[in-house]
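Heads up: the structure comes next, in structure tokens.
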Amino acid sequence: MTDLRALHDAFEELERRADAATARMALDTSPRTRATASRSGVRFAPVALAAAVVAGVATGAVLLVPDNGPVTQVAQPSTSSTAQPVTTTSAPPPAHETPEVLAERFRAVLGDLATFVVTETGPGASRWTLPDGPPTGASSTLTPKPTTQIGSSIGGTLTAAGVTGGFDLLMYPGTAGEKAQCGPDEPGCTLRELPDGSALATSQFALEGSGLTNEVKLTRPDGLVFIMHVSNRQSPKGLGPLLGGHPPLTVEQLVQIATSDRW
């Protein structure tokens, strides 16, 4: 403010001197000419000077931006066109693929219901086919073609609620549309069809020497066959010593195992 005030006073002095000089000009100059000359000479110098001063001040000034501070340009993150990796999960193998897979799946199905020890493993079934018969009237001995082993089976001992007994479990792919059946030596066998189209056969039969075996046979619509026996003897077929007063699993528990969705 002090510099501007001094500048203003200087302008006032210049204007005063210019007016005095104009008054001393020759008398032959017309009043209009004198007025024009005095005003243009007086006004242009201060304006030019003021412009120079303002330009000089502005050159060293710092422009303050309200609240925002220095302006910084931030580069936007680039968009990657690389496709994200696709994670694929393969389907678990069928339970009957190997005895090891069957045992693992059986353990998952049982959960806390029972524990078991596997002592025997093998195929679920052996399939063999008779050759075409000889022409009519010809005598010939039919020799079966080589067998094909399918599915898996496990056997051993099973313990549930403190009761131990023998068990066997087999599973194999059969023919779609086939149904579980009761054998002629199973008078207590019961057949029923489940809502999903599976055929279920259950039975309980006595063994020699107070032995007892519970059995479940399930055939699914796609032909998959599930058969399980559990006994109070070391072997569900009646062999070995008696291990308990009754089988460790009931028939209904076998049905729950056979129809589990964890297979």
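Lettering and numbering for the structure tokens are positional, with chains as A, B, ... in the shown order, residues counted from 1 in each chain, and ligands counted from 1 in the shown order.
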Using only C-alpha atoms, which residues sit within 12 Å of Leu218 (chain A) once same-chain residues fewer than 4 positions away are excluded, as number ranges by chain? A: 169-174, 178-182, 190-194, 196-203, 222-228, 254-260
Output C-alpha atoms for every residue in the selection just made, as a CSV table (one decimal), in the first residue's frame.
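Okay, this is what ended up in selection_7.csv:
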```csv
chain,number,residue,atom,x,y,z
A,169,LEU,CA,-19.3,-103.9,0.4
A,170,LEU,CA,-19.2,-104.1,-3.4
A,171,MET,CA,-20.2,-101.6,-6.1
A,172,TYR,CA,-20.1,-102.0,-9.8
A,173,PRO,CA,-21.7,-100.6,-13.0
A,174,GLY,CA,-24.5,-102.9,-14.2
A,178,GLU,CA,-32.1,-103.8,-14.2
A,179,LYS,CA,-33.8,-104.2,-10.8
A,180,ALA,CA,-32.6,-105.5,-7.5
A,181,GLN,CA,-34.0,-109.0,-6.8
A,182,CYS,CA,-34.5,-111.3,-3.9
A,190,THR,CA,-38.3,-107.3,0.9
A,191,LEU,CA,-38.4,-105.4,-2.4
A,192,ARG,CA,-39.4,-101.7,-2.8
A,193,GLU,CA,-38.9,-99.0,-5.4
A,194,LEU,CA,-37.6,-95.6,-4.3
A,196,ASP,CA,-35.8,-91.8,-7.9
A,197,GLY,CA,-36.5,-95.1,-9.6
A,198,SER,CA,-33.9,-97.2,-7.7
A,199,ALA,CA,-34.9,-100.7,-6.8
A,200,LEU,CA,-34.1,-101.7,-3.2
A,201,ALA,CA,-34.0,-105.2,-1.6
A,202,THR,CA,-33.4,-105.7,2.1
A,203,SER,CA,-33.2,-108.9,4.1
A,222,ASP,CA,-28.4,-96.1,-14.5
A,223,GLY,CA,-27.6,-99.7,-13.6
A,224,LEU,CA,-25.1,-99.0,-10.7
A,225,VAL,CA,-25.3,-101.9,-8.2
A,226,PHE,CA,-24.6,-101.5,-4.5
A,227,ILE,CA,-24.5,-104.5,-2.2
A,228,MET,CA,-23.5,-104.5,1.5
A,254,LEU,CA,-27.8,-100.0,5.7
A,255,VAL,CA,-30.5,-98.4,3.7
A,256,GLN,CA,-29.4,-95.0,4.7
A,257,ILE,CA,-25.9,-95.8,3.7
A,258,ALA,CA,-26.9,-97.2,0.4
A,259,THR,CA,-29.1,-94.2,-0.5
A,260,SER,CA,-26.6,-91.6,0.7
```
Close residues, Ala108 (chain A) itself excluded, 12 Å, only C-alpha atoms, min 3 positions apart in chain, as a ChimeraX atom specification: /A:95,101-105,111-116,257,260-263
Apply DSSP to the structure's backbone, then extract all residues of region 82-249 of chain A labelled strand (DSSP E or B) and return them as a PyMOL selection string. chain A and resi 115-122+125-127+148-150+152-160+163-173+190-193+199-207+211-219+224-231+233+242
Could you work out how far CA of Thr147 (chain A) lies from CA of Gln234 (chain A), giving the answer in Å with one decimal?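 Between CA of Gln234 (chain A) and CA of Thr147 (chain A) the gap is 29.3 Å.
Using only C-alpha atoms, the shortest contact distance between Val117 (chain A) and any of A:Pro221, A:Pro187, A:Pro236, A:Gly166 is found at A:Gly166.
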Kindly give the distance, in Å, that separates CA of His96 (chain A) and CA of Ser153 (chain A), rounded to a single decimal.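 Answer for the CA of His96 (chain A) to CA of Ser153 (chain A) separation: 7.8 Å.
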